[in-house]
Amino acid sequence: MADRGYQVELGARRFGHVNWLGLKALAWREVKRFLVVWTQTLLAPLVTAALFLMIFNIAIGPRRGDVMGVPFLTFLAPGIMMMTVIQNAFANTSSSIVIAKVQGNIVDTLMPPLSGLEILLGYLAGAVARGTLVALGIGLGLMAVLQIVPAHPLVALLFIVLGAAFLGGLGIVAGVFADKFDQMAAITNFIVTPLAFLSGTFYSVEALPPVLKAISHVNPVFYLIDGVRFGVIGTSDSPPLLGLAVCSGATFAVCLLAWVMLRTGYRLKP
């Protein structure tokens, strides 16, 4: 090398500012993780969403009047869709990291010449892909069975992608913190599930007492569900632009934290 007038520094990145090949490989790995078990990662969420809608329709639907100007089942459907999206996006990134840590092969992700941002984007690609595919399946089912045609499909898609990215980033943070599966289960049960269930999924927050209503408006997942509801039925509890601003800010903050963790190797490197 020296006789050619230059030297290659050991460990230097020789592929430009972005390792596109490595990023593509990591993203495809994360996508293949859920595609090879599609009955668990894609089909099962669709069945769960259908069961939610069927049970609520049988138990409450006949006695419940219109909500926000639409039938109760039509009001409920977007919330079920987004709740399913965020749960699956969170599970995709968190399970990937925790499994790698438990099995001791997290080094396979940390050793390649990938920056913290590239690792973050690779993990998020899998979360967003899984969340979007789940949303697409539920959306097609709603159109076929309930004849619900999205009023603003691009708005709904934007909030779905934001929701998947937000919970995907949160899943990375949770996966980095958790060292065992029971710790991951605790985070899911005491943080993610309450965020999803106490966010207007099954009700309009306008019906809540003032204190609970104020608390709901602090929850970013409320704006995600409200944004998808606006995209699907054309009405919402809060202005869509406000929801977009809150969701974008929350997603940026969570992903920034995840990037710092991945860049420094916090709780990942010995």
# chains A, B, ... in the order shown; residues from 1 in each chain; ligands from 1
>>> residues_around(residues="stretch 18-34 of chain A", least_positions_apart="6", cutoff="9 Å", atoms="only C-alpha atoms", output="ChimeraX atom specification")
/A:40-42,92-93,96,109,112-115,118-119,121-127,129-130
>>> write_last_selection(atoms="N, CA, C and O atoms", output="mmCIF file, in the first residue's frame")
data_model
loop_
_atom_site.group_PDB
_atom_site.id
_atom_site.type_symbol
_atom_site.label_atom_id
_atom_site.label_comp_id
_atom_site.auth_asym_id
_atom_site.auth_seq_id
_atom_site.Cartn_x
_atom_site.Cartn_y
_atom_site.Cartn_z
ATOM 1 N N GLN A 40 -47.091 -15.723 13.165
ATOM 2 C CA GLN A 40 -47.071 -15.126 14.499
ATOM 3 C C GLN A 40 -47.009 -13.607 14.452
ATOM 4 O O GLN A 40 -47.599 -12.930 15.298
ATOM 5 N N THR A 41 -46.277 -13.070 13.474
ATOM 6 C CA THR A 41 -46.005 -11.635 13.460
ATOM 7 C C THR A 41 -46.973 -10.832 12.599
ATOM 8 O O THR A 41 -47.134 -9.637 12.819
ATOM 9 N N LEU A 42 -47.601 -11.467 11.631
ATOM 10 C CA LEU A 42 -48.527 -10.749 10.748
ATOM 11 C C LEU A 42 -49.958 -11.289 10.844
ATOM 12 O O LEU A 42 -50.908 -10.509 10.976
ATOM 13 N N ASN A 92 -41.034 -5.794 17.644
ATOM 14 C CA ASN A 92 -40.034 -6.161 16.651
ATOM 15 C C ASN A 92 -38.631 -5.736 17.074
ATOM 16 O O ASN A 92 -37.682 -6.522 17.026
ATOM 17 N N THR A 93 -38.475 -4.492 17.494
ATOM 18 C CA THR A 93 -37.147 -4.015 17.872
ATOM 19 C C THR A 93 -36.727 -4.532 19.247
ATOM 20 O O THR A 93 -35.580 -4.947 19.437
ATOM 21 N N SER A 96 -35.777 -8.245 19.137
ATOM 22 C CA SER A 96 -34.542 -8.466 18.390
ATOM 23 C C SER A 96 -33.322 -8.212 19.264
ATOM 24 O O SER A 96 -32.373 -9.011 19.291
ATOM 25 N N THR A 109 -24.044 -7.569 15.657
ATOM 26 C CA THR A 109 -24.565 -6.272 15.224
ATOM 27 C C THR A 109 -23.586 -5.153 15.532
ATOM 28 O O THR A 109 -23.470 -4.190 14.767
ATOM 29 N N PRO A 112 -19.695 -5.134 13.065
ATOM 30 C CA PRO A 112 -19.565 -4.601 11.710
ATOM 31 C C PRO A 112 -19.366 -3.082 11.715
ATOM 32 O O PRO A 112 -19.716 -2.405 12.697
ATOM 33 N N PRO A 113 -18.807 -2.525 10.640
ATOM 34 C CA PRO A 113 -18.559 -1.075 10.578
ATOM 35 C C PRO A 113 -19.839 -0.285 10.345
ATOM 36 O O PRO A 113 -20.053 0.300 9.285
ATOM 37 N N LEU A 114 -20.703 -0.287 11.350
ATOM 38 C CA LEU A 114 -21.968 0.439 11.291
ATOM 39 C C LEU A 114 -21.971 1.500 12.385
ATOM 40 O O LEU A 114 -21.627 1.220 13.534
ATOM 41 N N SER A 115 -22.370 2.696 12.031
ATOM 42 C CA SER A 115 -22.476 3.763 13.026
ATOM 43 C C SER A 115 -23.738 3.567 13.850
ATOM 44 O O SER A 115 -24.617 2.758 13.509
ATOM 45 N N GLU A 118 -26.780 4.238 11.714
ATOM 46 C CA GLU A 118 -27.077 3.161 10.764
ATOM 47 C C GLU A 118 -27.731 1.974 11.461
ATOM 48 O O GLU A 118 -28.666 1.368 10.927
ATOM 49 N N ILE A 119 -27.254 1.650 12.661
ATOM 50 C CA ILE A 119 -27.891 0.570 13.424
ATOM 51 C C ILE A 119 -29.323 0.958 13.783
ATOM 52 O O ILE A 119 -30.254 0.151 13.672
ATOM 53 N N LEU A 121 -31.351 3.042 12.189
ATOM 54 C CA LEU A 121 -32.200 3.008 10.998
ATOM 55 C C LEU A 121 -32.483 1.572 10.564
ATOM 56 O O LEU A 121 -33.583 1.267 10.088
ATOM 57 N N GLY A 122 -31.508 0.682 10.730
ATOM 58 C CA GLY A 122 -31.733 -0.709 10.370
ATOM 59 C C GLY A 122 -32.807 -1.359 11.220
ATOM 60 O O GLY A 122 -33.694 -2.052 10.707
ATOM 61 N N TYR A 123 -32.736 -1.121 12.532
ATOM 62 C CA TYR A 123 -33.766 -1.658 13.430
ATOM 63 C C TYR A 123 -35.134 -1.030 13.133
ATOM 64 O O TYR A 123 -36.157 -1.721 13.110
ATOM 65 N N LEU A 124 -35.147 0.285 12.922
ATOM 66 C CA LEU A 124 -36.421 0.960 12.668
ATOM 67 C C LEU A 124 -37.056 0.494 11.359
ATOM 68 O O LEU A 124 -38.283 0.476 11.245
ATOM 69 N N ALA A 125 -36.238 0.134 10.379
ATOM 70 C CA ALA A 125 -36.782 -0.348 9.109
ATOM 71 C C ALA A 125 -37.650 -1.582 9.330
ATOM 72 O O ALA A 125 -38.738 -1.706 8.749
ATOM 73 N N GLY A 126 -37.180 -2.494 10.179
ATOM 74 C CA GLY A 126 -37.972 -3.682 10.468
ATOM 75 C C GLY A 126 -39.259 -3.344 11.194
ATOM 76 O O GLY A 126 -40.326 -3.893 10.891
ATOM 77 N N ALA A 127 -39.184 -2.424 12.166
ATOM 78 C CA ALA A 127 -40.376 -2.044 12.927
ATOM 79 C C ALA A 127 -41.414 -1.366 12.038
ATOM 80 O O ALA A 127 -42.608 -1.667 12.119
ATOM 81 N N ALA A 129 -41.675 -1.565 8.740
ATOM 82 C CA ALA A 129 -42.193 -2.517 7.752
ATOM 83 C C ALA A 129 -43.260 -3.419 8.371
ATOM 84 O O ALA A 129 -44.326 -3.635 7.783
ATOM 85 N N ARG A 130 -42.986 -3.939 9.565
ATOM 86 C CA ARG A 130 -43.958 -4.820 10.224
ATOM 87 C C ARG A 130 -45.223 -4.062 10.578
ATOM 88 O O ARG A 130 -46.340 -4.545 10.333
#
>>> residues_around(residues="stretch 188-204 of chain A", least_positions_apart="6", cutoff="7 Å", atoms="only C-alpha atoms", output="JSON, numbers by chain")
{"A": [76, 79, 80, 83, 216, 219, 221, 222, 225]}
>>> write_last_selection(atoms="N, CA and C atoms", output="tab-separated table (two decimals), in the first residue's frame")
chain	number	residue	atom	x	y	z
A	76	LEU	N	-64.33	2.70	16.43
A	76	LEU	CA	-63.40	1.83	17.13
A	76	LEU	C	-62.29	1.32	16.21
A	79	GLY	N	-58.70	2.96	16.02
A	79	GLY	CA	-57.96	2.81	17.27
A	79	GLY	C	-57.38	1.41	17.41
A	80	ILE	N	-58.17	0.39	17.06
A	80	ILE	CA	-57.68	-0.99	17.10
A	80	ILE	C	-56.51	-1.14	16.13
A	83	MET	N	-53.39	0.62	17.64
A	83	MET	CA	-52.93	-0.11	18.80
A	83	MET	C	-52.16	-1.36	18.37
A	216	SER	N	-54.62	12.39	29.28
A	216	SER	CA	-54.64	11.76	27.95
A	216	SER	C	-53.93	12.62	26.92
A	219	ASN	N	-50.22	12.07	26.58
A	219	ASN	CA	-49.83	10.78	26.03
A	219	ASN	C	-49.64	10.88	24.52
A	221	VAL	N	-49.32	8.58	22.36
A	221	VAL	CA	-50.08	7.55	21.65
A	221	VAL	C	-51.50	8.04	21.38
A	222	PHE	N	-52.04	8.90	22.25
A	222	PHE	CA	-53.36	9.48	21.99
A	222	PHE	C	-53.37	10.21	20.64
A	225	ILE	N	-53.27	7.67	17.69
A	225	ILE	CA	-54.57	7.05	17.43
A	225	ILE	C	-55.55	8.08	16.87
>>> residues_around(residues="stretch 150-162 of chain A", least_positions_apart="3", cutoff="6 Å", atoms="only C-alpha atoms", output="ChimeraX atom specification")
/A:165-166,224,228,231-234
>>> write_last_selection(atoms="N, CA and C atoms", output="CSV table (one decimal), in the first residue's frame")
chain,number,residue,atom,x,y,z
A,165,ALA,N,-42.4,4.1,14.0
A,165,ALA,CA,-41.1,4.6,14.2
A,165,ALA,C,-41.0,5.0,15.7
A,166,PHE,N,-42.0,5.6,16.3
A,166,PHE,CA,-42.0,6.0,17.7
A,166,PHE,C,-41.9,4.8,18.6
A,224,LEU,N,-51.3,9.7,18.1
A,224,LEU,CA,-51.2,8.7,17.0
A,224,LEU,C,-52.5,8.1,16.7
A,228,VAL,N,-54.7,8.7,13.2
A,228,VAL,CA,-55.2,7.7,12.3
A,228,VAL,C,-56.7,7.7,12.2
A,231,GLY,N,-57.5,10.2,9.7
A,231,GLY,CA,-57.3,9.7,8.4
A,231,GLY,C,-58.3,8.7,7.9
A,232,VAL,N,-58.9,8.0,8.8
A,232,VAL,CA,-59.8,6.9,8.4
A,232,VAL,C,-61.2,7.4,8.3
A,233,ILE,N,-61.7,8.1,9.3
A,233,ILE,CA,-63.1,8.5,9.4
A,233,ILE,C,-63.3,10.0,9.1
A,234,GLY,N,-62.2,10.8,9.1
A,234,GLY,CA,-62.3,12.2,8.8
A,234,GLY,C,-62.6,13.1,10.0
>>> closest_residue(among="A:Gly141, A:Gly116, A:Pro240, A:Gly265", to="A:Ala77", atoms="only C-alpha atoms")
A:Gly141
>>> closest_residue(among="A:Ala144, A:Leu120, A:Ile215, A:Val102", to="A:Leu256", atoms="only C-alpha atoms")
A:Leu120
>>> select_by_dssp(residues="stretch 146-210 of chain A", states="helix (DSSP H, G or I)", output="ChimeraX atom specification")
/A:153-177,181-197,205-207,210
>>> atom_distance(atom1="atom CA of A:Val205", atom2="atom CA of A:Ser236")
10.1 Å
>>> atom_distance(atom1="atom CA of A:Gly169", atom2="atom CA of A:Ala44")
22.6 Å
>>> residues_around(residues="A:Ile138", least_positions_apart="3", cutoff="10 Å", atoms="only C-alpha atoms", output="ChimeraX atom specification")
/A:45-47,49-50,77-78,80-82,84-85,132-135,141-144
>>> write_last_selection(atoms="C-alpha atoms", output="mmCIF file, in the first residue's frame")
data_model
loop_
_atom_site.group_PDB
_atom_site.id
_atom_site.type_symbol
_atom_site.label_atom_id
_atom_site.label_comp_id
_atom_site.auth_asym_id
_atom_site.auth_seq_id
_atom_site.Cartn_x
_atom_site.Cartn_y
_atom_site.Cartn_z
ATOM 1 C CA PRO A 45 -52.237 -9.525 15.000
ATOM 2 C CA LEU A 46 -54.911 -9.510 12.295
ATOM 3 C CA VAL A 47 -56.856 -12.231 14.102
ATOM 4 C CA ALA A 49 -57.745 -7.123 15.880
ATOM 5 C CA ALA A 50 -60.716 -8.948 14.341
ATOM 6 C CA ALA A 77 -61.674 0.379 14.046
ATOM 7 C CA PRO A 78 -58.888 3.007 13.584
ATOM 8 C CA ILE A 80 -57.678 -0.988 17.100
ATOM 9 C CA MET A 81 -55.566 -0.631 13.961
ATOM 10 C CA MET A 82 -53.094 1.787 15.533
ATOM 11 C CA THR A 84 -51.980 -3.244 16.855
ATOM 12 C CA VAL A 85 -49.384 -1.339 14.819
ATOM 13 C CA THR A 132 -47.184 -0.946 8.001
ATOM 14 C CA LEU A 133 -47.911 -4.476 6.790
ATOM 15 C CA VAL A 134 -50.127 -5.126 9.816
ATOM 16 C CA ALA A 135 -51.969 -1.841 9.201
ATOM 17 C CA GLY A 141 -60.169 -6.194 6.169
ATOM 18 C CA LEU A 142 -62.068 -3.073 7.258
ATOM 19 C CA MET A 143 -62.754 -2.160 3.650
ATOM 20 C CA ALA A 144 -63.929 -5.673 2.757
#
>>> decode(residues="stretch 8-78 of chain A", atoms="C-alpha atoms", output="compact mmCIF listing (two decimals), in the first residue's frame")
# COMPACT_ATOMS: atom_id res chain seq x y z
CA VAL A 8 -5.30 2.48 4.72
CA GLU A 9 -5.81 3.03 8.42
CA LEU A 10 -6.86 -0.10 10.28
CA GLY A 11 -10.59 0.04 11.08
CA ALA A 12 -11.25 3.06 8.85
CA ARG A 13 -14.55 3.33 7.02
CA ARG A 14 -13.78 2.93 3.31
CA PHE A 15 -17.28 3.25 1.89
CA GLY A 16 -18.18 6.92 2.31
CA HIS A 17 -20.23 8.65 4.96
CA VAL A 18 -22.96 5.97 4.96
CA ASN A 19 -22.44 2.23 4.89
CA TRP A 20 -25.36 1.56 2.57
CA LEU A 21 -24.50 -2.11 2.15
CA GLY A 22 -24.35 -2.71 5.89
CA LEU A 23 -27.50 -0.67 6.51
CA LYS A 24 -29.38 -2.61 3.83
CA ALA A 25 -28.18 -5.93 5.27
CA LEU A 26 -29.27 -5.03 8.80
CA ALA A 27 -32.65 -3.72 7.62
CA TRP A 28 -33.26 -6.85 5.54
CA ARG A 29 -32.28 -9.02 8.51
CA GLU A 30 -34.86 -7.27 10.68
CA VAL A 31 -37.53 -7.65 8.01
CA LYS A 32 -36.74 -11.33 7.46
CA ARG A 33 -36.98 -11.92 11.23
CA PHE A 34 -40.73 -11.36 11.16
CA LEU A 35 -41.40 -12.64 7.64
CA VAL A 36 -40.12 -16.15 8.37
CA VAL A 37 -42.65 -16.45 11.21
CA TRP A 38 -45.40 -14.48 9.48
CA THR A 39 -48.16 -16.51 11.12
CA GLN A 40 -47.07 -15.13 14.50
CA THR A 41 -46.01 -11.64 13.46
CA LEU A 42 -48.53 -10.75 10.75
CA LEU A 43 -51.46 -13.17 10.81
CA ALA A 44 -51.86 -13.34 14.60
CA PRO A 45 -52.24 -9.52 15.00
CA LEU A 46 -54.91 -9.51 12.30
CA VAL A 47 -56.86 -12.23 14.10
CA THR A 48 -56.49 -10.38 17.42
CA ALA A 49 -57.75 -7.12 15.88
CA ALA A 50 -60.72 -8.95 14.34
CA LEU A 51 -61.56 -10.53 17.71
CA PHE A 52 -61.42 -7.12 19.43
CA LEU A 53 -63.83 -5.65 16.90
CA MET A 54 -66.18 -8.65 17.04
CA ILE A 55 -66.31 -8.78 20.85
CA PHE A 56 -66.85 -5.03 21.26
CA ASN A 57 -69.52 -5.08 18.58
CA ILE A 58 -71.36 -7.94 20.26
CA ALA A 59 -71.01 -6.59 23.81
CA ILE A 60 -71.46 -2.84 23.27
CA GLY A 61 -72.24 -2.09 19.65
CA PRO A 62 -76.03 -2.74 19.60
CA ARG A 63 -76.61 -0.53 22.68
CA ARG A 64 -74.12 2.21 21.83
CA GLY A 65 -75.12 5.16 19.69
CA ASP A 66 -72.95 7.01 17.27
CA VAL A 67 -69.58 8.33 18.46
CA MET A 68 -68.20 11.47 16.82
CA GLY A 69 -70.93 11.18 14.21
CA VAL A 70 -70.15 7.62 13.08
CA PRO A 71 -71.25 4.13 14.23
CA PHE A 72 -69.35 2.83 17.24
CA LEU A 73 -67.62 0.05 15.28
CA THR A 74 -66.45 2.53 12.66
CA PHE A 75 -65.11 4.78 15.44
CA LEU A 76 -63.40 1.83 17.13
CA ALA A 77 -61.67 0.38 14.05
CA PRO A 78 -58.89 3.01 13.58
